[in-house]
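One structure is given below, encoded as structure tokens.
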Amino acid sequence: MDDFLAARLQMTVSLGFHIVFACIGMTMPFLMFIAELKWIRTGKEVYLDLAKAWSKGVAIFFAVGAVSGTVLSFELGLLWPEFMEHAGPIFGMPFSWEGAAFFLEAIALGLFLYGWKRLNKWVHLGAGFVAGICGVLSGIFVVAANAWMNAPAGFDWVDGQAINIDPVKAMFNAAWFGQAHHMTVAAFVATSFAVAGIHAFLLWKNPHREIHRKALNIALTIGAISAIIQPISGDLIAKTVAKLQPAKLAAMESHFETSTSAPLIIGGIPDVDGRKVDYAIKIPGMLSFLAHGDFKAEVTGLEEFPEELWPPVLIVHLAFQLMVLLGMIMVSVGIMFLLFRWKWPHLLDKKWWLLLVFLITPMGFLAVEAGWIVTEVGRQPWIIYGIMKTRDSLTPMPGLQYPLYTITFIYLFLSFLVIWLLNRQIKMLHQKY
């Protein structure tokens, strides 16, 4: 296997696994916070048991996320030393802030896990809220660093060296807000629907288990609201990409020729050699509107860039289409839930509804993975957009396929361990209810 491909695949595996742990770490503390708040307000023991059960899941994913995040930090330095030599002093600040947020999250989570009956109930509830806030901030800081790779700022590039470095400007680059907002909402959508799906399945098997009904209601409420917000966030980030990375937008839509009133392409299979998209549905002018807020605006096509600077069009296009499709399915289910809850609450106990929610379980995380493929693969061939190519930053160390095999095994083992531990927790919860 080519060393460059092995290094790219290793980062793909690491990011693909870690992003799931990160999303759960950003969202689950808020779910356990809401459950405990409901216990304090209603006095119902079922909410207390739910908060405790969810907190154990948070602890599991926090520990595993810490391991996978540490692996990623080492990989950046070992696989891409040329990149880190130049980028480290520029975008190191968000990583340091991420470390601080992670540290505070660990303290707050420790207080939450071991503070039952030891802390005042409102102090204990506050610890859970702080854990959630720090988890979200941790994710935002990491995304800000990634956004810098898409929209480099805070330095001058002269003769292959970065000078006049401004870490604050680098952190708050032109892409950070759109990416951070989109990723944060995506984390809430993915995790909430996954939690809802698990409890829907358990309720489908055991219709009289009240704890699953309460869990399902909390998770679906958060998931539905987040899913409805997400298209607004997507519109914001699409306009940012159109401005900062027109080649990425063109690859996402397989838009080969610069044109006005550019059509939005739904589905289809790109034919790169023929510069066309087969089997696609086209909505005239919609891409111009989504990219620039004007149905007649000009949208830059891939023809404006040398072909060696094109992202992998097929991969980026299909990943983008998958992300949008899954997102719209979750929006539809979210709207159905809110409508049923308002007008026809009896439908929420129907077998067909519980089965539908269960089928949604993996879709949020699949959408997140597809979105990160769009973000990372869509930037190629650049590791720092317009400044440094990914291939030029690769380590000269040979035999990179062996670390790839090792890392893949480690992540598969961690995943097996997480599934086993979660299944164990679910069985313990099942025995009580």
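Identifiers in the structure tokens: chain A, B, ... in order shown; residue index from 1 per chain; ligand index from 1 in order shown.
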
If you take only C-alpha atoms and a cut-off of 12 Å, which residues of range 76-186 of chain A touch range 394-403 of chain A, and what are their nearest atom pairs and distances in Å to one decimal, in chain and number order, as JSON lines?
{"residue": "A:Leu76", "atom": "CA", "partner": "A:Leu394", "partner_atom": "CA", "distance": 10.0}
{"residue": "A:Gly77", "atom": "CA", "partner": "A:Thr395", "partner_atom": "CA", "distance": 9.0}
{"residue": "A:Leu78", "atom": "CA", "partner": "A:Thr395", "partner_atom": "CA", "distance": 7.0}
{"residue": "A:Leu79", "atom": "CA", "partner": "A:Thr395", "partner_atom": "CA", "distance": 5.2}
{"residue": "A:Trp80", "atom": "CA", "partner": "A:Leu394", "partner_atom": "CA", "distance": 4.8}
{"residue": "A:Pro81", "atom": "CA", "partner": "A:Thr395", "partner_atom": "CA", "distance": 6.0}
{"residue": "A:Glu82", "atom": "CA", "partner": "A:Leu394", "partner_atom": "CA", "distance": 6.9}
{"residue": "A:Phe83", "atom": "CA", "partner": "A:Leu394", "partner_atom": "CA", "distance": 8.0}
{"residue": "A:Met84", "atom": "CA", "partner": "A:Leu394", "partner_atom": "CA", "distance": 10.4}
{"residue": "A:Glu85", "atom": "CA", "partner": "A:Thr395", "partner_atom": "CA", "distance": 11.6}

Show which residues sit within 6 Å of Phe256 in chain A, as a CSV table (one decimal) with N, CA and C atoms, in the first residue's frame. Count only C-alpha atoms, and ignore same-chain residues fewer than 3 positions away.
chain,number,residue,atom,x,y,z
A,275,ARG,N,-17.9,15.6,-17.8
A,275,ARG,CA,-18.2,16.9,-17.2
A,275,ARG,C,-19.8,17.0,-17.1
A,301,GLY,N,-17.6,27.2,-11.4
A,301,GLY,CA,-17.5,25.8,-11.7
A,301,GLY,C,-16.1,25.2,-11.6
A,302,LEU,N,-16.0,23.9,-11.6
A,302,LEU,CA,-14.7,23.3,-11.5
A,302,LEU,C,-13.8,23.7,-12.6
A,303,GLU,N,-14.3,24.1,-13.8
A,303,GLU,CA,-13.5,24.4,-14.9
A,303,GLU,C,-12.6,25.6,-14.7

Which of A:Gly135, A:Gly25, A:Gly223, A:Gly371 sits closest to Gly57 in chain A [using only C-alpha atoms]: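 Comparing A:Gly135, A:Gly25, A:Gly223, A:Gly371 against Gly57 in chain A, the winner is A:Gly25.
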
Distance in Å - CA of Gly128 in chain A versus CA of Thr191 in chain A: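 These two atoms are separated by 17.1 Å.
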
Long-range neighbours of Pro312 in chain A as JSON, numbers by chain, 9 Å cut-off, only C-alpha atoms, 2 positions minimum in chain: {"A": [251, 310, 314, 315, 316, 317, 377, 378, 380, 381]}

Contacts of range 65-70 of chain A within 7 Å, only C-alpha atoms, excl. fewer than 5 positions in-chain, as a VMD selection string: chain A and resid 18 21 to 22

Residue selection dump (C-alpha atoms) as a compact mmCIF listing (two decimals), in the first residue's frame:
# COMPACT_ATOMS: atom_id res chain seq x y z
CA HIS A 18 -13.47 9.77 17.33
CA PHE A 21 -17.38 9.70 20.67
CA ALA A 22 -17.06 13.49 20.46

Long-range neighbours of Cys134 in chain A as a list in words, 8 Å cut-off, only C-alpha atoms, 6 positions minimum in chain: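 The contact residues come out as Ala101, Phe102, Leu104 and Glu105 of chain A.
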
Test item, helix (DSSP H, G or I) assignment across range 152-259 of chain A, answer as a ChimeraX atom specification: /A:167-171,176-205,210-244,246-252

Taking C-alpha atoms for each residue, export the selection above as a CSV table (one decimal), in the first residue's frame.
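Output (part_9.csv):
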chain,number,residue,atom,x,y,z
A,167,PRO,CA,-3.3,33.2,17.1
A,168,VAL,CA,-6.5,35.0,17.9
A,169,LYS,CA,-7.2,35.9,14.3
A,170,ALA,CA,-6.3,32.4,13.3
A,171,MET,CA,-8.7,30.9,15.8
A,176,TRP,CA,-15.0,28.9,12.3
A,177,PHE,CA,-18.5,30.0,13.2
A,178,GLY,CA,-20.3,28.2,10.4
A,179,GLN,CA,-18.4,25.0,11.0
A,180,ALA,CA,-18.7,25.2,14.8
A,181,HIS,CA,-22.5,25.9,14.6
A,182,HIS,CA,-23.1,23.2,12.0
A,183,MET,CA,-21.1,20.6,13.9
A,184,THR,CA,-22.6,21.3,17.3
A,185,VAL,CA,-26.2,21.1,16.0
A,186,ALA,CA,-25.2,17.9,14.1
A,187,ALA,CA,-23.9,16.4,17.4
A,188,PHE,CA,-27.2,17.0,19.1
A,189,VAL,CA,-29.2,15.6,16.2
A,190,ALA,CA,-27.1,12.4,15.8
A,191,THR,CA,-26.8,11.6,19.5
A,192,SER,CA,-30.4,12.4,20.4
A,193,PHE,CA,-31.9,10.3,17.6
A,194,ALA,CA,-29.5,7.4,18.4
A,195,VAL,CA,-30.6,7.5,22.1
A,196,ALA,CA,-34.2,7.8,21.0
A,197,GLY,CA,-33.8,4.8,18.7
A,198,ILE,CA,-32.4,2.6,21.4
A,199,HIS,CA,-35.1,3.4,23.8
A,200,ALA,CA,-37.8,3.1,21.1
A,201,PHE,CA,-36.6,-0.5,20.5
A,202,LEU,CA,-36.6,-1.3,24.2
A,203,LEU,CA,-40.1,0.2,24.5
A,204,TRP,CA,-41.3,-1.7,21.5
A,205,LYS,CA,-40.2,-4.9,23.2
A,210,GLU,CA,-42.1,3.8,31.7
A,211,ILE,CA,-38.4,4.7,31.9
A,212,HIS,CA,-38.0,4.1,28.1
A,213,ARG,CA,-41.1,6.2,27.4
A,214,LYS,CA,-39.6,9.1,29.4
A,215,ALA,CA,-36.2,8.7,27.8
A,216,LEU,CA,-37.7,8.6,24.3
A,217,ASN,CA,-39.7,11.8,25.0
A,218,ILE,CA,-36.6,13.7,26.2
A,219,ALA,CA,-34.3,12.5,23.4
A,220,LEU,CA,-36.8,13.0,20.6
A,221,THR,CA,-37.6,16.5,21.8
A,222,ILE,CA,-34.0,17.6,21.6
A,223,GLY,CA,-33.4,15.7,18.4
A,224,ALA,CA,-36.5,17.1,16.6
A,225,ILE,CA,-35.7,20.7,17.5
A,226,SER,CA,-32.0,20.3,16.5
A,227,ALA,CA,-32.9,18.6,13.2
A,228,ILE,CA,-35.3,21.4,12.3
A,229,ILE,CA,-32.6,24.0,13.1
A,230,GLN,CA,-29.9,22.1,11.1
A,231,PRO,CA,-31.0,23.2,7.6
A,232,ILE,CA,-30.7,26.8,8.6
A,233,SER,CA,-27.2,26.1,9.8
A,234,GLY,CA,-26.5,24.2,6.5
A,235,ASP,CA,-27.5,27.2,4.5
A,236,LEU,CA,-25.1,29.4,6.5
A,237,ILE,CA,-22.2,27.1,6.0
A,238,ALA,CA,-23.0,26.6,2.3
A,239,LYS,CA,-22.7,30.3,1.7
A,240,THR,CA,-19.4,30.3,3.6
A,241,VAL,CA,-18.0,27.5,1.5
A,242,ALA,CA,-19.2,29.3,-1.7
A,243,LYS,CA,-17.1,32.3,-0.7
A,244,LEU,CA,-14.0,30.7,0.8
A,246,PRO,CA,-15.6,27.5,-4.4
A,247,ALA,CA,-13.9,24.3,-5.6
A,248,LYS,CA,-15.3,22.4,-2.7
A,249,LEU,CA,-18.8,23.7,-3.4
A,250,ALA,CA,-18.5,22.8,-7.1
A,251,ALA,CA,-17.4,19.3,-6.2
A,252,MET,CA,-20.3,19.0,-3.7

Point-to-point distance from CA of Ala127 in chain A to CA of Asp49 in chain A, Å rounded to tenths: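 It comes out at 17.4 Å.
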
Filtered DSSP result for range 49-234 of chain A, state strand (DSSP E or B), as a ChimeraX atom specification: /A:156-158,161-163

Selected residues, C-alpha atoms, written as a short mmCIF file (atom, residue, chain, number, x, y, z; two decimals), in the first residue's frame, please.
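Contents of part-v9.cif, freshly written:
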data_model
loop_
_atom_site.label_atom_id
_atom_site.label_comp_id
_atom_site.auth_asym_id
_atom_site.auth_seq_id
_atom_site.Cartn_x
_atom_site.Cartn_y
_atom_site.Cartn_z
CA ASP A 156 1.60 35.97 6.35
CA TRP A 157 3.11 33.25 4.17
CA VAL A 158 6.47 34.40 2.84
CA GLN A 161 7.42 30.37 6.17
CA ALA A 162 4.65 31.77 8.36
CA ILE A 163 5.41 35.22 9.80
#

Coordinates-based distance that separates CA of Pro152 in chain A from CA of Ser254 in chain A (Å, one decimal): 24.7 Å

Best match for closeness to Val123 in chain A among A:Ser288, A:Phe33, A:Ala106, A:Ser14, counting only C-alpha atoms: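 Closest candidate: A:Phe33.
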
Contacts of Glu369 in chain A at 12 Å (only C-alpha atoms; same-chain gap of 5+ positions) as a list in words: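 Counting only C-alpha atoms, the residues come to Thr12, Val13, Ser14, Leu15, Gly16, Phe17, His18, Ile19, Val20, Cys23, Met183, Ala186, Ala187, Ala190, Val316, Ala319, Phe320, Leu322, Met323, Val324, Leu326, Pro362, Met363, Gly364, Val374, Thr375, Glu376 and Val377 of chain A.
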
Residue nearest Met149 in chain A among A:Leu338, A:Val46, A:Met32, A:Ile90 (counting only C-alpha atoms):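 Looking only at the distances to Met149 in chain A, the closest residue turns out to be A:Ile90.
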
Residues near range 418-425 of chain A, cut-off 9 Å, only C-alpha atoms, skip fewer than 6 positions along chain, as a list of chain:residue names: A:Ala53, A:Lys56, A:Gly57, A:Ile60, A:Phe61, A:Val64
